[in-house]
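> Here you go, data.cif (mmCIF, C-alpha atoms):
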```cif
data_protein
#
loop_
_atom_site.label_atom_id
_atom_site.label_comp_id
_atom_site.auth_asym_id
_atom_site.auth_seq_id
_atom_site.Cartn_x
_atom_site.Cartn_y
_atom_site.Cartn_z
CA MET A 1 145.35 0.04 5.86
CA ALA A 2 146.20 -1.70 2.60
CA GLU A 3 143.84 -1.55 -0.32
CA THR A 4 142.82 -4.90 -1.73
CA ILE A 5 141.15 -5.52 -5.06
CA VAL A 6 138.19 -7.90 -5.10
CA GLU A 7 136.66 -9.26 -8.32
CA VAL A 8 133.17 -10.72 -8.29
CA ILE A 9 132.21 -12.69 -11.39
CA ILE A 10 128.52 -13.35 -12.09
CA ASP A 11 127.67 -15.87 -14.80
CA PRO A 12 124.89 -15.22 -17.37
CA THR A 13 122.39 -17.23 -15.30
CA GLY A 14 122.86 -14.94 -12.31
CA GLU A 15 125.01 -17.26 -10.22
CA VAL A 16 128.06 -15.80 -8.52
CA GLN A 17 130.85 -17.79 -10.15
CA THR A 18 133.83 -16.55 -8.16
CA THR A 19 134.78 -13.96 -5.61
CA ASP A 20 138.49 -13.43 -6.01
CA VAL A 21 140.68 -11.40 -3.70
CA VAL A 22 143.30 -10.39 -6.26
CA GLY A 23 146.91 -10.97 -5.24
CA HIS A 24 146.04 -11.45 -1.61
CA LYS A 25 147.99 -14.09 0.27
CA GLY A 26 147.04 -15.29 3.69
CA ALA A 27 144.17 -16.05 5.96
CA GLY A 28 142.48 -12.66 5.61
CA CYS A 29 141.25 -13.23 2.07
CA LYS A 30 138.33 -15.35 3.22
CA ALA A 31 137.03 -12.56 5.45
CA ILE A 32 137.33 -10.01 2.64
CA ALA A 33 135.54 -12.30 0.19
CA ALA A 34 132.80 -12.89 2.76
CA ILE A 35 131.74 -9.23 2.38
CA PHE A 36 130.29 -10.18 -1.00
CA ASP A 37 128.87 -13.53 0.06
CA THR A 38 125.32 -13.82 -1.24
CA GLY A 39 124.45 -16.62 1.11
CA ALA A 40 123.43 -18.67 -1.92
CA LYS A 41 124.28 -22.33 -2.06
CA THR A 42 127.50 -23.13 -3.87
CA ASP A 43 128.61 -26.39 -5.41
CA LYS A 44 132.11 -26.03 -4.06
CA SER A 45 134.32 -23.50 -2.39
CA THR A 46 138.06 -23.45 -2.90
CA THR A 47 140.81 -21.41 -1.37
CA LYS A 48 143.69 -20.22 -3.50
CA PRO A 49 146.96 -22.19 -3.24
CA GLU A 50 148.76 -19.15 -1.81
CA TYR A 51 146.62 -19.49 1.26
CA PHE A 52 148.48 -22.63 2.21
CA SER A 53 152.03 -21.41 1.57
CA GLY A 54 154.40 -21.49 4.50
CA GLY A 55 152.61 -24.01 6.62
CA PRO A 56 150.02 -26.68 6.90
CA ASN A 57 146.46 -26.05 5.90
CA PRO A 58 145.02 -24.40 9.02
CA SER A 59 141.57 -25.67 8.26
CA SER A 60 142.57 -29.29 7.69
CA VAL A 61 141.36 -31.96 10.05
CA SER A 62 143.37 -35.10 10.73
CA VAL A 63 141.57 -38.31 11.36
CA GLY A 64 142.93 -41.66 12.44
CA SER A 65 146.42 -42.28 13.74
CA MET B 1 92.75 -16.65 -23.92
CA SER B 2 95.60 -16.59 -21.47
CA TYR B 3 98.33 -18.88 -20.27
CA THR B 4 99.91 -17.79 -17.02
CA THR B 5 103.50 -18.85 -16.43
CA VAL B 6 104.99 -18.83 -12.95
CA GLN B 7 108.77 -18.85 -12.84
CA ALA B 8 110.38 -19.46 -9.45
CA THR B 9 113.49 -17.41 -8.64
CA GLN B 10 116.24 -17.29 -6.03
CA MET B 11 115.60 -13.63 -5.20
CA ASN B 12 113.92 -12.48 -2.00
CA ASP B 13 115.00 -8.87 -1.50
CA GLN B 14 112.46 -6.52 -3.09
CA ASN B 15 114.76 -3.50 -3.17
CA LEU B 16 117.37 -5.44 -5.12
CA VAL B 17 114.74 -6.76 -7.56
CA VAL B 18 113.56 -3.19 -8.17
CA GLU B 19 117.14 -1.95 -8.64
CA SER B 20 117.82 -4.77 -11.08
CA LEU B 21 114.70 -3.97 -13.12
CA LYS B 22 115.64 -0.29 -13.25
CA GLY B 23 119.09 -1.33 -14.44
CA LEU B 24 117.41 -3.22 -17.29
CA GLY B 25 115.65 -0.01 -18.30
CA TYR B 26 112.21 -0.65 -16.82
CA ASN B 27 110.12 1.51 -14.50
CA PRO B 28 108.78 -1.01 -11.98
CA GLU B 29 105.67 -0.15 -9.99
CA VAL B 30 106.04 -1.04 -6.30
CA LEU B 31 102.88 -1.68 -4.30
CA ALA B 32 102.83 -2.34 -0.55
CA GLU B 33 99.60 -4.33 -0.72
CA GLY B 34 100.17 -5.81 -4.14
CA ARG B 35 97.69 -6.20 -6.96
CA SER B 36 96.79 -8.60 -9.73
CA ILE B 37 98.61 -8.32 -13.03
CA ARG B 38 96.71 -7.73 -16.24
CA GLY B 39 96.59 -9.89 -19.33
CA ASP B 40 95.97 -8.43 -22.76
CA ARG B 41 92.29 -7.75 -22.09
CA ALA B 42 90.26 -7.65 -18.91
CA GLU B 43 91.56 -10.83 -17.30
CA THR B 44 93.74 -10.55 -14.20
CA SER B 45 95.87 -12.99 -12.24
CA ARG B 46 94.82 -14.44 -8.89
CA GLN B 47 98.23 -13.71 -7.36
CA LYS B 48 98.90 -10.30 -5.84
CA CYS B 49 102.23 -8.90 -6.99
CA THR B 50 104.14 -6.20 -5.12
CA VAL B 51 106.46 -5.35 -8.02
CA ILE B 52 104.92 -4.97 -11.46
CA LEU B 53 106.22 -4.12 -14.89
CA ASN B 54 103.17 -2.60 -16.52
CA ARG B 55 102.43 -3.47 -20.13
CA GLU B 56 102.54 0.24 -21.00
CA ASP B 57 106.17 0.29 -19.78
CA THR B 58 107.35 -2.93 -21.42
CA LYS B 59 105.28 -2.44 -24.63
CA MET B 60 104.17 -6.04 -24.23
CA ALA B 61 100.59 -7.29 -24.28
CA ALA B 62 100.44 -8.23 -20.60
CA ASP B 63 101.97 -7.11 -17.30
CA ILE B 64 104.88 -8.96 -15.69
CA GLY B 65 104.50 -9.39 -11.95
CA PHE B 66 106.86 -10.29 -9.11
CA CYS B 67 105.07 -12.07 -6.33
CA GLN B 68 106.82 -13.03 -3.08
CA ALA B 69 105.14 -16.43 -2.82
CA GLY B 70 108.03 -18.88 -2.95
CA PRO B 71 109.83 -20.60 -0.07
CA GLU B 72 111.80 -18.24 2.21
CA GLY B 73 110.07 -15.29 0.59
CA MET B 74 111.52 -15.93 -2.85
CA PHE B 75 109.87 -14.07 -5.70
CA ASP B 76 107.95 -15.79 -8.46
CA ILE B 77 107.77 -14.10 -11.86
CA ILE B 78 104.27 -14.25 -13.28
CA THR B 79 103.10 -13.30 -16.72
CA ASP B 80 100.82 -14.37 -19.53
CA THR B 81 103.14 -16.10 -21.97
CA TYR B 82 100.31 -16.66 -24.45
CA VAL B 83 100.43 -12.99 -25.38
CA ASN B 84 103.86 -11.99 -24.06
CA SER B 85 106.54 -13.27 -26.37
CA ILE B 86 109.27 -13.63 -23.77
CA ASN B 87 111.19 -16.56 -22.41
CA VAL B 88 110.39 -16.13 -18.73
CA GLN B 89 113.34 -18.26 -17.61
CA GLU B 90 115.83 -16.19 -19.61
CA PHE B 91 114.18 -12.99 -18.42
CA GLY B 92 114.47 -14.23 -14.83
CA GLN B 93 118.18 -14.91 -15.34
CA LYS B 94 118.75 -11.37 -16.61
CA VAL B 95 116.94 -9.98 -13.58
CA ARG B 96 119.03 -12.19 -11.30
CA VAL B 97 122.29 -10.98 -12.84
CA GLY B 98 121.19 -7.42 -12.04
CA TYR B 99 120.10 -8.55 -8.59
CA GLN B 100 123.54 -10.01 -7.83
CA LYS B 101 125.24 -6.88 -9.15
CA ALA B 102 123.03 -4.71 -6.96
CA PHE B 103 123.72 -6.97 -3.97
CA ALA B 104 127.49 -6.77 -4.46
CA ARG B 105 127.40 -2.97 -4.81
CA ARG B 106 125.25 -2.66 -1.68
CA GLN B 107 127.63 -4.87 0.31
CA ALA B 108 130.52 -2.76 -0.91
CA ARG B 109 128.82 0.46 0.25
CA ARG B 110 128.03 -1.05 3.65
CA ASN B 111 131.62 -2.20 4.15
CA GLY B 112 133.37 0.94 2.94
CA ALA B 113 134.55 -0.64 -0.29
CA THR B 114 134.70 1.30 -3.54
CA PHE B 115 133.13 0.12 -6.78
CA LEU B 116 135.78 0.43 -9.48
CA GLY B 117 133.98 -0.88 -12.53
CA GLU B 118 132.09 -3.51 -14.43
CA LYS B 119 133.09 -5.52 -17.47
CA VAL B 120 131.28 -8.14 -19.56
CA LEU B 121 133.61 -11.07 -20.27
CA PRO B 122 133.70 -12.99 -23.61
CA ASN B 123 131.72 -15.87 -22.07
CA GLY B 124 128.89 -13.50 -21.13
CA SER B 125 129.76 -13.35 -17.44
CA THR B 126 129.95 -9.99 -15.70
CA LYS B 127 133.00 -9.00 -13.67
CA LEU B 128 132.65 -6.38 -10.95
CA THR B 129 135.78 -4.91 -9.40
CA PHE B 130 135.94 -3.34 -5.93
CA ALA B 131 138.66 -1.82 -3.77
CA VAL B 132 138.48 -2.91 -0.15
CA ASN B 133 140.52 -1.43 2.67
CA ALA B 134 141.73 -4.40 4.67
#
```
Spell out the structure here as structure tokens.


Amino acid sequence: MAETIVEVIIDPTGEVQTTDVVGHKGAGCKAIAAIFDTGAKTDKSTTKPEYFSGGPNPSSVSVGS
Amino acid sequence: MSYTTVQATQMNDQNLVVESLKGLGYNPEVLAEGRSIRGDRAETSRQKCTVILNREDTKMAADIGFCQAGPEGMFDIITDTYVNSINVQEFGQKVRVGYQKAFARRQARRNGATFLGEKVLPNGSTKLTFAVNA
């Protein structure tokens, strides 16, 4: 098993700002980050650009023709 | 005279609240049934708090109580701000930072991750670093 570094940044108000899977590329990063998910509401969630390298966004949804 | 302030929070896990308060250097009293908090004299609050920072511990004039009365079991912070010279909102934010840190460390333990360290960033944010076997 490979060791992955995860950084959790908490802002001074107590909100979790980011959960970053350092240097990790690929679909697994979301599952690793979910370990630290507080379940709190977030304004937005973004996936790192590396996630999309080598193919289309697997979570994208096409609408229309 | 007293002026009771109730500050709503986004914290609902008592163990994490207690761990956060200990991290801030307090000795919280935990009560299964809860009790009223004390002002500077004989007056007490109507709310029953299950986690209390006693005035003897904080060296303030009145107790600070944590009462699980909010929606979804969220804690309210209750204290007499007429005699306690604290900003309850700022205090609540400090407790919540500790709460989030305690939550992250607990999740790490449960998932076999290792806590590597903590660092305060220039903007006041706190960075926690973990090693996860994936």

> Using the chain letters and numbering of this document, enumerate as a PyMOL selection string the residues selected by the PyMOL selection byres ((chain B) within 6 of (chain A)).

chain B and resi 93+96-97+104+124-134

> Quote the spacing between CA of Val120 (chain B) and CA of Ser85 (chain B) in Å to one decimal place.

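These atoms are spaced 26.2 Å apart.
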
> Could you please determine the separation between CA of Asp13 (chain B) and CA of Gly73 (chain B) in Å, to one decimal place?

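Computing the Euclidean distance for CA of Asp13 (chain B) and CA of Gly73 (chain B) yields 8.4 Å.
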
> Counting all atoms listed in the file, figure out which residue out of B:Gln100, B:Asn12, B:Gln47, B:Asn54 gets nearest to Ile78 (chain B).

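Smallest distance to Ile78 (chain B) is found for B:Gln47.
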
> Show me the residues around (123.0, -3.3, -10.1) - criterion: an atom at most 7 Å away, only C-alpha atoms counted - as a PyMOL selection string.

chain B and resi 19-20+23+98-99+101-102+105

> Restricted to C-alpha atoms, what would the selected residues look like written as a PDB file, in the frame of the given file?


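Below is the file that was written, selection-v1.pdb:
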```pdb
ATOM      1  CA  GLU B  19     117.140  -1.950  -8.640  1.00  0.00           C
ATOM      2  CA  SER B  20     117.820  -4.770 -11.080  1.00  0.00           C
ATOM      3  CA  GLY B  23     119.090  -1.330 -14.440  1.00  0.00           C
ATOM      4  CA  GLY B  98     121.190  -7.420 -12.040  1.00  0.00           C
ATOM      5  CA  TYR B  99     120.100  -8.550  -8.590  1.00  0.00           C
ATOM      6  CA  LYS B 101     125.240  -6.880  -9.150  1.00  0.00           C
ATOM      7  CA  ALA B 102     123.030  -4.710  -6.960  1.00  0.00           C
ATOM      8  CA  ARG B 105     127.400  -2.970  -4.810  1.00  0.00           C
TER       9      ARG B 105
END
```

> Report as a PyMOL selection string the residues that result from applying the PyMOL selection byres ((chain B and resi 28-36) around 12) to the structure here.

chain B and resi 14-27+37-39+42-58+62-69+78-79

> Using CA of Thr81 (chain B) and CA of Ala8 (chain B) as the two end points, give the distance in Å to one decimal.

14.8 Å

> Would you mind completing region 111-122 of chain B so that it carries all heavy atoms, and writing it out as a compact mmCIF listing (two decimals), in the coordinates of the input?


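The resulting file, rebuild_22.txt, is shown below:
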```
# COMPACT_ATOMS: atom_id res chain seq x y z
N ASN B 111 130.34 -1.82 3.57
CA ASN B 111 131.62 -2.20 4.15
C ASN B 111 132.74 -1.24 3.76
O ASN B 111 133.92 -1.57 3.92
CB ASN B 111 131.97 -3.64 3.73
CG ASN B 111 131.07 -4.65 4.42
OD1 ASN B 111 131.29 -5.00 5.57
ND2 ASN B 111 130.04 -5.10 3.72
N GLY B 112 132.37 -0.08 3.25
CA GLY B 112 133.37 0.94 2.94
C GLY B 112 134.22 0.62 1.74
O GLY B 112 135.28 1.22 1.56
N ALA B 113 133.79 -0.31 0.92
CA ALA B 113 134.55 -0.64 -0.29
C ALA B 113 134.12 0.29 -1.43
O ALA B 113 133.04 0.87 -1.39
CB ALA B 113 134.31 -2.10 -0.68
N THR B 114 134.97 0.40 -2.41
CA THR B 114 134.70 1.30 -3.54
C THR B 114 134.49 0.48 -4.80
O THR B 114 135.29 -0.41 -5.12
CB THR B 114 135.90 2.25 -3.75
OG1 THR B 114 136.20 2.88 -2.51
CG2 THR B 114 135.59 3.30 -4.80
N PHE B 115 133.41 0.78 -5.50
CA PHE B 115 133.13 0.12 -6.78
C PHE B 115 134.02 0.73 -7.84
O PHE B 115 133.97 1.93 -8.09
CB PHE B 115 131.64 0.29 -7.12
CG PHE B 115 131.25 -0.27 -8.46
CD1 PHE B 115 131.46 -1.61 -8.76
CD2 PHE B 115 130.67 0.54 -9.42
CE1 PHE B 115 131.09 -2.13 -10.00
CE2 PHE B 115 130.29 0.03 -10.65
CZ PHE B 115 130.51 -1.31 -10.94
N LEU B 116 134.84 -0.09 -8.49
CA LEU B 116 135.78 0.43 -9.48
C LEU B 116 135.29 0.27 -10.91
O LEU B 116 135.66 1.05 -11.78
CB LEU B 116 137.14 -0.29 -9.34
CG LEU B 116 137.87 -0.09 -8.00
CD1 LEU B 116 139.16 -0.89 -8.00
CD2 LEU B 116 138.14 1.38 -7.73
N GLY B 117 134.46 -0.74 -11.16
CA GLY B 117 133.98 -0.88 -12.53
C GLY B 117 133.36 -2.23 -12.81
O GLY B 117 133.38 -3.14 -11.99
N GLU B 118 132.80 -2.30 -14.00
CA GLU B 118 132.09 -3.51 -14.43
C GLU B 118 132.50 -3.83 -15.86
O GLU B 118 132.67 -2.93 -16.67
CB GLU B 118 130.58 -3.23 -14.36
CG GLU B 118 129.71 -4.32 -14.92
CD GLU B 118 128.21 -3.96 -14.84
OE1 GLU B 118 127.81 -3.19 -13.94
OE2 GLU B 118 127.47 -4.44 -15.69
N LYS B 119 132.67 -5.13 -16.13
CA LYS B 119 133.09 -5.52 -17.47
C LYS B 119 132.37 -6.81 -17.85
O LYS B 119 132.26 -7.73 -17.02
CB LYS B 119 134.61 -5.74 -17.47
CG LYS B 119 135.20 -6.06 -18.81
CD LYS B 119 136.70 -6.27 -18.69
CE LYS B 119 137.30 -6.64 -20.03
NZ LYS B 119 138.73 -7.00 -19.92
N VAL B 120 131.88 -6.89 -19.07
CA VAL B 120 131.28 -8.14 -19.56
C VAL B 120 132.39 -8.96 -20.23
O VAL B 120 133.10 -8.47 -21.10
CB VAL B 120 130.14 -7.85 -20.56
CG1 VAL B 120 129.57 -9.16 -21.10
CG2 VAL B 120 129.04 -7.04 -19.89
N LEU B 121 132.56 -10.19 -19.76
CA LEU B 121 133.61 -11.07 -20.27
C LEU B 121 133.14 -11.78 -21.55
O LEU B 121 131.93 -11.83 -21.83
CB LEU B 121 133.96 -12.10 -19.20
CG LEU B 121 134.38 -11.52 -17.84
CD1 LEU B 121 134.65 -12.63 -16.84
CD2 LEU B 121 135.62 -10.63 -18.00
N PRO B 122 134.08 -12.33 -22.35
CA PRO B 122 133.70 -12.99 -23.61
C PRO B 122 132.68 -14.11 -23.44
O PRO B 122 131.88 -14.37 -24.34
CB PRO B 122 135.04 -13.55 -24.12
CG PRO B 122 136.07 -12.64 -23.52
CD PRO B 122 135.54 -12.25 -22.17
```
